[in-house]
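**Q** Below you'll find the structure I mean.
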Amino acid sequence: MSFSSDEVNYLVYRYLLESGFTHAAYTFGIESHISHSNINGSIVPPAALLNIIQKGLQYTEAEISITEDGIERNIETISLIDAVLPDVIEQRKQGALKGIQVKTDVPGVAGEEGNHSELMDVDTSSEIPASKASILKGHESEVFICAWNPANDLLASGSGDSTARIWNMNEAAGSGSSSQLVLRHCIQKGGTEVPSNKDVTSLDWNCDGNLLATGSYDGYARIWNTEGRLVSTLGQHKGPIFALKWNKKGNYILSAGVDKTTIIWDASSGRCTQQFAFHSAPALDVDWQNNTTFASCSTDQCIHVCKLQVDKPIKTFQGHTNEVNAIKWDPQGNLLASCSDDMTLKIWSIKQDSWVHDLQAHSKEIYTIKWSPTGPGTNNPNASLILASASFDSTVRLWDVERGTCVHKLTRHQEPVYSVAFSPDGKHIASGSFDKCVHIWNVQTGALVHTYRGTGGIFEVCWNHRGDKVGASASDGSVFVLDLRK
């Protein structure tokens with residue numbers, strides 16, 4: 001048996017990508033020269049590194065449990081840390097020979113929560129039947145993001161196969177139809193167009209639903225129409241784009257990149273209107289407050305609020321002690337929520353320098369946050385405003401922001417939760433986790449209403465504009481749509 005460092009590096013790179021550590025994966029890929037290896041990534045299955053580690057664990061357990069005379073003894077399941085400690089292995093072997101189980105207490109691994117290995121306790125009546133799920137196949141690598149068109153049932157998805165796709169799920173397209181438009185992300189090389197071979201990790205529809213913007217690790221943002229035609233290519237970033245958003249008016253696009261900058265683009269001309277270079281490390285997320293003012297966050301732990309034609313931040317928020325993963329303005333643009341690897345969720349107001357609320361309840365990194373489409377200024381003005389947070393501690397929390405309290409802790413997931421999305425009426429929330437499950441919850445009661453188990457870890461969930469379909473994208477290259485109509 002032999003293997004190369006390139007092969008090991010590629011499997012580690014894929015593990016980081018599939019686990020959602022996109023920024024770490026990018027840095028690791030550059031330093032280990034992944035792009036220079038001759039490995040065909042399209043033939044490497046998802047979770048390859050975990051599968052080979054699991055087989056190694058099984059081999060180690062077999063070494064311990066099977067004696068020299070071929071008799072198999074019952075042993076306690078071995079942990080991954082135990083398996084790399086020679087003293088523990090020898091201790092287990094001696095225990096097996098004596099016909100007893102030996103428990104080990106390894107410093108540093110005690111206290112890990114054990115709920116991840118437990119079977120899910122799901123009310124079978126809530127399971128969404130296969131007949132209500134449409135599996136959309138075509139992507140050749142993990143699908144990081146998906147988003148419904150705001151005007152009709154077109155679902156866009158972005159993947160590691162250097163394409164975005166538009167899936168037509170409208171009734172007129174035919175029952176169960178999964179017709180797709182392939183948006184190939186190409187770059188100029190030697191006078192010809194060739195595939196960029198870079199991940200498409202961000203996309204956003206404009207408010208009218210007639211244009212789709214995509215952001216890629218090749219450093220370009222692109223605008224497409226609903227027929228899949230490339231309208232314009234936006235080139236100014238030096239390196240991967242991590243996030244991009246249309247403003248409400250639809251005349252500007254905002255992007256954030258590894259080059260530490262954020263850019264406002266003129267959507268009609270495709271030109272850079274203004275570039276903001278205030279962060280000292282990669283910019284991870286952006287969100288518009290209104291048509292000309294936005295917030296950005298970074299691995300530098302800072303949040304800047306910037307305005308078009310103003311050459312410095314109009315506000316800077318500091319208080320997080322690790323990288324800030326996501327930011328979102330509330331529906332009225334009064335409060336800004338942020339979440340971080342420091343395991344906290346913070347609420348900020350332009351009217352003050354320090355946070356309004358510092359919400360500490362999650363036990364691991366918080367990956368994303370979403371505001372409910374409720375409260376004053378929304379289509380659901382009589383319902384309370386709620387903030388949802390999704391964490392690597394495998395829980396979703398719903399917060400009453402006015403009081404600064406957690407009203408529900410949603411605990412049915414078994415692995416990190418990467419995405420949450422409120423239904424248009426704010427009554428339900430969908431969550432997607434790397435346990436391959438999409439759960440749909442009642443926001444008022446916190447009860448689990450529906451659940452569906454896919455075939456890969458879930459990166460993104462989203463609702464269509466009517467609130468009767470949920471789209472999801474997964475690590476195994478699948479995209480699926482759940483029809484919630486009775």
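As shown in the structure tokens, the chain order sets the letters A, B, ...; within each chain, residues go from 1, and ligands are also counted from 1 in the order they appear.
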Report as a PyMOL selection string all protein, DNA and RNA residues lying within 7 Å of Asp358 in chain A, evaluated on only C-alpha atoms, omitting residues in the same chain fewer than 3 positions from it.
**A** chain A and resi 344-347+355
**Q** Those same residues, written as a PDB file, in the first residue's frame with C-alpha atoms?
**A**
```
ATOM      1  CA  THR A 344     -21.854  34.501  20.539  1.00  0.00           C
ATOM      2  CA  LEU A 345     -24.606  36.312  18.726  1.00  0.00           C
ATOM      3  CA  LYS A 346     -24.617  40.101  19.011  1.00  0.00           C
ATOM      4  CA  ILE A 347     -27.226  42.750  18.169  1.00  0.00           C
ATOM      5  CA  TRP A 355     -23.871  46.017  21.370  1.00  0.00           C
TER       6      TRP A 355
END
```
**Q** Write out as a ChimeraX atom specification the residues lying within 10 Å of range 143-145 of chain A, counting only C-alpha atoms and excluding same-chain residues fewer than 5 positions away.
**A** /A:17-18,20,22,156-161,163-164,199-204,419,456-462,472-479
**Q** So that I have them on file, write out the residues from the current selection with C-alpha atoms, as a PDB file, in the first residue's frame.
**A**
```
ATOM      1  CA  LEU A  17     -14.940  22.041   1.954  1.00  0.00           C
ATOM      2  CA  GLU A  18     -17.630  19.479   2.740  1.00  0.00           C
ATOM      3  CA  GLY A  20     -18.264  24.133   5.462  1.00  0.00           C
ATOM      4  CA  THR A  22     -14.578  27.216   3.002  1.00  0.00           C
ATOM      5  CA  ALA A 156     -30.793  28.427  -8.586  1.00  0.00           C
ATOM      6  CA  SER A 157     -27.887  26.395  -7.200  1.00  0.00           C
ATOM      7  CA  GLY A 158     -24.113  26.894  -7.022  1.00  0.00           C
ATOM      8  CA  SER A 159     -21.561  24.089  -6.858  1.00  0.00           C
ATOM      9  CA  GLY A 160     -17.930  23.051  -6.581  1.00  0.00           C
ATOM     10  CA  ASP A 161     -18.176  21.832 -10.201  1.00  0.00           C
ATOM     11  CA  THR A 163     -21.332  25.788 -12.486  1.00  0.00           C
ATOM     12  CA  ALA A 164     -24.520  27.351 -11.269  1.00  0.00           C
ATOM     13  CA  ASP A 199     -16.332  26.749  -6.692  1.00  0.00           C
ATOM     14  CA  VAL A 200     -19.482  28.817  -7.110  1.00  0.00           C
ATOM     15  CA  THR A 201     -20.241  29.667  -3.484  1.00  0.00           C
ATOM     16  CA  SER A 202     -22.620  32.619  -3.564  1.00  0.00           C
ATOM     17  CA  LEU A 203     -25.659  33.632  -5.593  1.00  0.00           C
ATOM     18  CA  ASP A 204     -28.569  36.036  -5.294  1.00  0.00           C
ATOM     19  CA  SER A 419     -28.577  26.883   7.213  1.00  0.00           C
ATOM     20  CA  GLY A 456     -25.734  14.268   1.686  1.00  0.00           C
ATOM     21  CA  GLY A 457     -24.915  16.880   4.312  1.00  0.00           C
ATOM     22  CA  ILE A 458     -27.170  19.920   3.881  1.00  0.00           C
ATOM     23  CA  PHE A 459     -25.424  23.214   3.087  1.00  0.00           C
ATOM     24  CA  GLU A 460     -28.458  25.395   2.340  1.00  0.00           C
ATOM     25  CA  VAL A 461     -32.247  25.497   2.730  1.00  0.00           C
ATOM     26  CA  CYS A 462     -34.647  28.068   1.231  1.00  0.00           C
ATOM     27  CA  ALA A 472     -32.076  22.276  -0.277  1.00  0.00           C
ATOM     28  CA  SER A 473     -28.548  21.649  -1.559  1.00  0.00           C
ATOM     29  CA  ALA A 474     -26.147  18.981  -0.328  1.00  0.00           C
ATOM     30  CA  SER A 475     -22.550  17.801  -0.112  1.00  0.00           C
ATOM     31  CA  ASP A 476     -23.101  14.813  -2.431  1.00  0.00           C
ATOM     32  CA  GLY A 477     -24.032  17.039  -5.391  1.00  0.00           C
ATOM     33  CA  SER A 478     -27.785  16.662  -4.961  1.00  0.00           C
ATOM     34  CA  VAL A 479     -30.400  19.398  -4.932  1.00  0.00           C
TER      35      VAL A 479
END
```
**Q** Neighbouring residues of Phe317 in chain A were defined as those with any atom within 9 Å, considering only C-alpha atoms; residues of the same chain fewer than 4 positions away were excluded. Please report them as a VMD selection string.
**A** chain A and resid 302 to 305 348 353 to 355
**Q** Can those selected residues be exported to a file as a PDB file, in the first residue's frame so that it contains all heavy atoms?
**A**
```
ATOM      1  N   CYS A 302     -14.025  42.452  13.041  1.00  0.00           N
ATOM      2  CA  CYS A 302     -14.682  43.765  12.982  1.00  0.00           C
ATOM      3  C   CYS A 302     -15.889  43.754  12.047  1.00  0.00           C
ATOM      4  O   CYS A 302     -15.970  42.959  11.119  1.00  0.00           O
ATOM      5  CB  CYS A 302     -13.709  44.832  12.488  1.00  0.00           C
ATOM      6  SG  CYS A 302     -12.406  45.224  13.665  1.00  0.00           S
ATOM      7  N   ILE A 303     -16.800  44.671  12.310  1.00  0.00           N
ATOM      8  CA  ILE A 303     -17.953  44.921  11.447  1.00  0.00           C
ATOM      9  C   ILE A 303     -17.919  46.402  11.064  1.00  0.00           C
ATOM     10  O   ILE A 303     -17.846  47.270  11.938  1.00  0.00           O
ATOM     11  CB  ILE A 303     -19.280  44.605  12.171  1.00  0.00           C
ATOM     12  CG1 ILE A 303     -19.321  43.133  12.596  1.00  0.00           C
ATOM     13  CG2 ILE A 303     -20.473  44.945  11.286  1.00  0.00           C
ATOM     14  CD1 ILE A 303     -20.409  42.826  13.609  1.00  0.00           C
ATOM     15  N   HIS A 304     -17.940  46.685   9.760  1.00  0.00           N
ATOM     16  CA  HIS A 304     -17.966  48.072   9.286  1.00  0.00           C
ATOM     17  C   HIS A 304     -19.303  48.362   8.610  1.00  0.00           C
ATOM     18  O   HIS A 304     -19.826  47.513   7.884  1.00  0.00           O
ATOM     19  CB  HIS A 304     -16.846  48.336   8.280  1.00  0.00           C
ATOM     20  CG  HIS A 304     -15.463  48.231   8.844  1.00  0.00           C
ATOM     21  ND1 HIS A 304     -15.065  48.903   9.984  1.00  0.00           N
ATOM     22  CD2 HIS A 304     -14.373  47.528   8.434  1.00  0.00           C
ATOM     23  CE1 HIS A 304     -13.806  48.628  10.243  1.00  0.00           C
ATOM     24  NE2 HIS A 304     -13.361  47.790   9.317  1.00  0.00           N
ATOM     25  N   VAL A 305     -19.835  49.536   8.868  1.00  0.00           N
ATOM     26  CA  VAL A 305     -21.010  50.022   8.134  1.00  0.00           C
ATOM     27  C   VAL A 305     -20.508  51.114   7.194  1.00  0.00           C
ATOM     28  O   VAL A 305     -19.881  52.080   7.635  1.00  0.00           O
ATOM     29  CB  VAL A 305     -22.097  50.566   9.080  1.00  0.00           C
ATOM     30  CG1 VAL A 305     -23.304  51.040   8.273  1.00  0.00           C
ATOM     31  CG2 VAL A 305     -22.511  49.508  10.092  1.00  0.00           C
ATOM     32  N   TRP A 348     -26.610  44.902  17.204  1.00  0.00           N
ATOM     33  CA  TRP A 348     -26.027  46.244  17.197  1.00  0.00           C
ATOM     34  C   TRP A 348     -27.046  47.258  16.677  1.00  0.00           C
ATOM     35  O   TRP A 348     -27.948  46.906  15.928  1.00  0.00           O
ATOM     36  CB  TRP A 348     -24.792  46.295  16.300  1.00  0.00           C
ATOM     37  CG  TRP A 348     -23.818  45.164  16.486  1.00  0.00           C
ATOM     38  CD1 TRP A 348     -23.883  43.930  15.903  1.00  0.00           C
ATOM     39  CD2 TRP A 348     -22.649  45.157  17.304  1.00  0.00           C
ATOM     40  NE1 TRP A 348     -22.811  43.158  16.303  1.00  0.00           N
ATOM     41  CE2 TRP A 348     -22.033  43.885  17.162  1.00  0.00           C
ATOM     42  CE3 TRP A 348     -22.041  46.117  18.137  1.00  0.00           C
ATOM     43  CZ2 TRP A 348     -20.858  43.540  17.820  1.00  0.00           C
ATOM     44  CZ3 TRP A 348     -20.859  45.770  18.793  1.00  0.00           C
ATOM     45  CH2 TRP A 348     -20.281  44.499  18.633  1.00  0.00           C
ATOM     46  N   ASP A 353     -22.503  52.656  20.218  1.00  0.00           N
ATOM     47  CA  ASP A 353     -21.223  52.057  19.840  1.00  0.00           C
ATOM     48  C   ASP A 353     -21.103  50.602  20.281  1.00  0.00           C
ATOM     49  O   ASP A 353     -20.545  49.777  19.558  1.00  0.00           O
ATOM     50  CB  ASP A 353     -20.065  52.868  20.435  1.00  0.00           C
ATOM     51  CG  ASP A 353     -19.976  54.260  19.817  1.00  0.00           C
ATOM     52  OD1 ASP A 353     -20.381  54.398  18.649  1.00  0.00           O
ATOM     53  OD2 ASP A 353     -19.518  55.188  20.505  1.00  0.00           O
ATOM     54  N   SER A 354     -21.609  50.296  21.471  1.00  0.00           N
ATOM     55  CA  SER A 354     -21.507  48.926  21.961  1.00  0.00           C
ATOM     56  C   SER A 354     -22.772  48.150  21.581  1.00  0.00           C
ATOM     57  O   SER A 354     -23.768  48.736  21.136  1.00  0.00           O
ATOM     58  CB  SER A 354     -21.326  48.909  23.485  1.00  0.00           C
ATOM     59  OG  SER A 354     -22.435  49.513  24.117  1.00  0.00           O
ATOM     60  N   TRP A 355     -22.726  46.840  21.761  1.00  0.00           N
ATOM     61  CA  TRP A 355     -23.871  46.017  21.370  1.00  0.00           C
ATOM     62  C   TRP A 355     -25.127  46.303  22.195  1.00  0.00           C
ATOM     63  O   TRP A 355     -25.047  46.728  23.345  1.00  0.00           O
ATOM     64  CB  TRP A 355     -23.513  44.544  21.452  1.00  0.00           C
ATOM     65  CG  TRP A 355     -23.016  44.088  22.819  1.00  0.00           C
ATOM     66  CD1 TRP A 355     -23.734  43.935  23.959  1.00  0.00           C
ATOM     67  CD2 TRP A 355     -21.674  43.733  23.155  1.00  0.00           C
ATOM     68  NE1 TRP A 355     -22.944  43.501  24.990  1.00  0.00           N
ATOM     69  CE2 TRP A 355     -21.670  43.359  24.521  1.00  0.00           C
ATOM     70  CE3 TRP A 355     -20.480  43.678  22.439  1.00  0.00           C
ATOM     71  CZ2 TRP A 355     -20.510  42.945  25.181  1.00  0.00           C
ATOM     72  CZ3 TRP A 355     -19.338  43.263  23.092  1.00  0.00           C
ATOM     73  CH2 TRP A 355     -19.358  42.907  24.448  1.00  0.00           C
TER      74      TRP A 355
END
```
**Q** Excluding range 134-138 of chain A and any residue of its chain fewer than 5 positions from it, enumerate the residues within 9 Å of it, using only C-alpha atoms, and give them as a list in words.
**A**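 So, after excluding close chain neighbours, the residues are Arg165, Trp167, Gly176, Ser177, Ser178, Ser179, Gln180, Val182, Gly477, Ser478, Val479, Phe480, Val481, Leu482 and Asp483 of chain A.
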**Q** Excluding Leu387 in chain A and residues on its chain fewer than 6 positions from it, collect all residues at most 8 Å away from it, counting only C-alpha atoms, and give them as a list in words.
**A**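 Contacts, in chain order: Ile369, Lys370, Trp371, Ser372, Leu398, Trp399, Asp400 and Val401 of chain A.
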**Q** Next, write the just-selected residues to a file, as a PDB file, in the first residue's frame, keeping N, CA and C atoms as the atom set.
**A**
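The resulting file, part.pdb, is reproduced below:
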```pdb
ATOM      1  N   ILE A 369     -27.212  33.230  10.613  1.00  0.00           N
ATOM      2  CA  ILE A 369     -28.352  33.815  11.319  1.00  0.00           C
ATOM      3  C   ILE A 369     -29.379  34.296  10.291  1.00  0.00           C
ATOM      4  N   LYS A 370     -30.640  34.342  10.697  1.00  0.00           N
ATOM      5  CA  LYS A 370     -31.702  34.880   9.834  1.00  0.00           C
ATOM      6  C   LYS A 370     -32.748  35.579  10.701  1.00  0.00           C
ATOM      7  N   TRP A 371     -33.254  36.713  10.198  1.00  0.00           N
ATOM      8  CA  TRP A 371     -34.378  37.397  10.827  1.00  0.00           C
ATOM      9  C   TRP A 371     -35.684  36.861  10.248  1.00  0.00           C
ATOM     10  N   SER A 372     -36.714  36.841  11.066  1.00  0.00           N
ATOM     11  CA  SER A 372     -38.037  36.465  10.567  1.00  0.00           C
ATOM     12  C   SER A 372     -38.624  37.624   9.760  1.00  0.00           C
ATOM     13  N   LEU A 398     -34.060  30.179  18.622  1.00  0.00           N
ATOM     14  CA  LEU A 398     -34.928  31.286  18.228  1.00  0.00           C
ATOM     15  C   LEU A 398     -34.933  32.309  19.359  1.00  0.00           C
ATOM     16  N   TRP A 399     -34.702  33.564  18.989  1.00  0.00           N
ATOM     17  CA  TRP A 399     -34.499  34.616  19.991  1.00  0.00           C
ATOM     18  C   TRP A 399     -35.571  35.702  19.889  1.00  0.00           C
ATOM     19  N   ASP A 400     -36.058  36.127  21.055  1.00  0.00           N
ATOM     20  CA  ASP A 400     -36.878  37.327  21.157  1.00  0.00           C
ATOM     21  C   ASP A 400     -35.890  38.483  21.338  1.00  0.00           C
ATOM     22  N   VAL A 401     -35.701  39.254  20.276  1.00  0.00           N
ATOM     23  CA  VAL A 401     -34.637  40.261  20.282  1.00  0.00           C
ATOM     24  C   VAL A 401     -34.963  41.433  21.197  1.00  0.00           C
TER      25      VAL A 401
END
```
**Q** When distances are computed from only C-alpha atoms, which of A:Gln188, A:Ser338, A:Thr233, A:Ser255 shows the smallest separation from Ser268 in chain A?
**A** A:Thr233
**Q** Pick out the residues sitting within 9 Å of Gly235 in chain A, and hand them over as an MDAnalysis selection string; count only C-alpha atoms, and ignore anything fewer than 5 positions along from it in its own chain.
**A** chainID A and resid 219:222 270:272
**Q** A:Asn442, A:Asn464, A:Thr451, A:Gln91: which is nearest Ala151 in chain A, counting only C-alpha atoms?
**A**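 Nearest candidate to Ala151 in chain A out of A:Asn442, A:Asn464, A:Thr451, A:Gln91: A:Asn464.
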**Q** Do you know which residues are at most 7 Å from Cys186 in chain A counting only C-alpha atoms, after dropping those on the same chain fewer than 2 positions away, and could you put them as a list of chain:residue names?
**A**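 Residues meeting the cut-off are A:Arg184, A:Gln188, A:Glu193, A:Val194, A:Pro195, A:Ser196.
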**Q** Just to be explicit: take each residue in the selection above, keep all heavy atoms, and write the result as a compact mmCIF listing (two decimals), in the first residue's frame.
**A**
```txt
# COMPACT_ATOMS: atom_id res chain seq x y z
N ARG A 184 -22.18 27.82 -16.94
CA ARG A 184 -20.77 27.44 -16.81
C ARG A 184 -19.92 28.68 -16.54
O ARG A 184 -19.98 29.66 -17.28
CB ARG A 184 -20.29 26.72 -18.07
CG ARG A 184 -21.09 25.46 -18.35
CD ARG A 184 -20.47 24.60 -19.45
NE ARG A 184 -21.36 23.50 -19.79
CZ ARG A 184 -21.48 22.39 -19.08
NH1 ARG A 184 -20.74 22.22 -18.00
NH2 ARG A 184 -22.33 21.43 -19.44
N GLN A 188 -10.90 33.39 -19.40
CA GLN A 188 -10.12 33.49 -20.63
C GLN A 188 -8.71 32.96 -20.39
O GLN A 188 -8.04 33.34 -19.45
CB GLN A 188 -10.03 34.96 -21.08
CG GLN A 188 -11.34 35.54 -21.58
CD GLN A 188 -11.76 34.98 -22.92
OE1 GLN A 188 -10.92 34.60 -23.73
NE2 GLN A 188 -13.06 34.92 -23.16
N GLU A 193 -12.05 30.44 -24.07
CA GLU A 193 -12.75 30.27 -22.80
C GLU A 193 -12.60 28.84 -22.30
O GLU A 193 -12.87 27.89 -23.03
CB GLU A 193 -14.24 30.61 -22.96
CG GLU A 193 -14.53 32.09 -22.97
CD GLU A 193 -16.00 32.38 -22.67
OE1 GLU A 193 -16.81 31.44 -22.77
OE2 GLU A 193 -16.32 33.53 -22.33
N VAL A 194 -12.17 28.70 -21.06
CA VAL A 194 -12.04 27.37 -20.45
C VAL A 194 -12.72 27.40 -19.10
O VAL A 194 -12.85 28.46 -18.47
CB VAL A 194 -10.54 26.98 -20.28
CG1 VAL A 194 -9.86 26.86 -21.64
CG2 VAL A 194 -9.81 27.98 -19.39
N PRO A 195 -13.21 26.24 -18.60
CA PRO A 195 -13.84 26.20 -17.27
C PRO A 195 -12.89 26.71 -16.20
O PRO A 195 -11.68 26.42 -16.23
CB PRO A 195 -14.16 24.72 -17.07
CG PRO A 195 -14.24 24.16 -18.46
CD PRO A 195 -13.24 24.92 -19.26
N SER A 196 -13.43 27.48 -15.26
CA SER A 196 -12.57 28.05 -14.21
C SER A 196 -12.11 27.00 -13.21
O SER A 196 -11.10 27.17 -12.54
CB SER A 196 -13.34 29.15 -13.47
OG SER A 196 -14.37 28.59 -12.66
```
**Q** Between CA of Thr395 in chain A and CA of Cys339 in chain A, measure the distance and give it in Å to one decimal.
**A**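 Separating CA of Thr395 in chain A from CA of Cys339 in chain A is a distance of 14.2 Å.
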**Q** Report the distance between CA of Pro282 in chain A and CA of Lys328 in chain A in Å, rounded to one decimal place.
**A**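 Between CA of Pro282 in chain A and CA of Lys328 in chain A the gap works out to 17.9 Å.
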**Q** Closest to Asn51 in chain A among A:Leu234, A:Leu11, A:Val470, A:Met343, using only C-alpha atoms?
**A** A:Leu11
**Q** What's the separation between CA of Phe422 in chain A and CA of Gln352 in chain A, in Å to one decimal place?
**A**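 Distance reported for this atom pair: 28.4 Å.
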**Q** Output as a ChimeraX atom specification all residues of range 214-266 of chain A that backbone DSSP marks as strand (DSSP E).
**A** /A:214-216,220-225,230-235,241-246,252-257,262-266
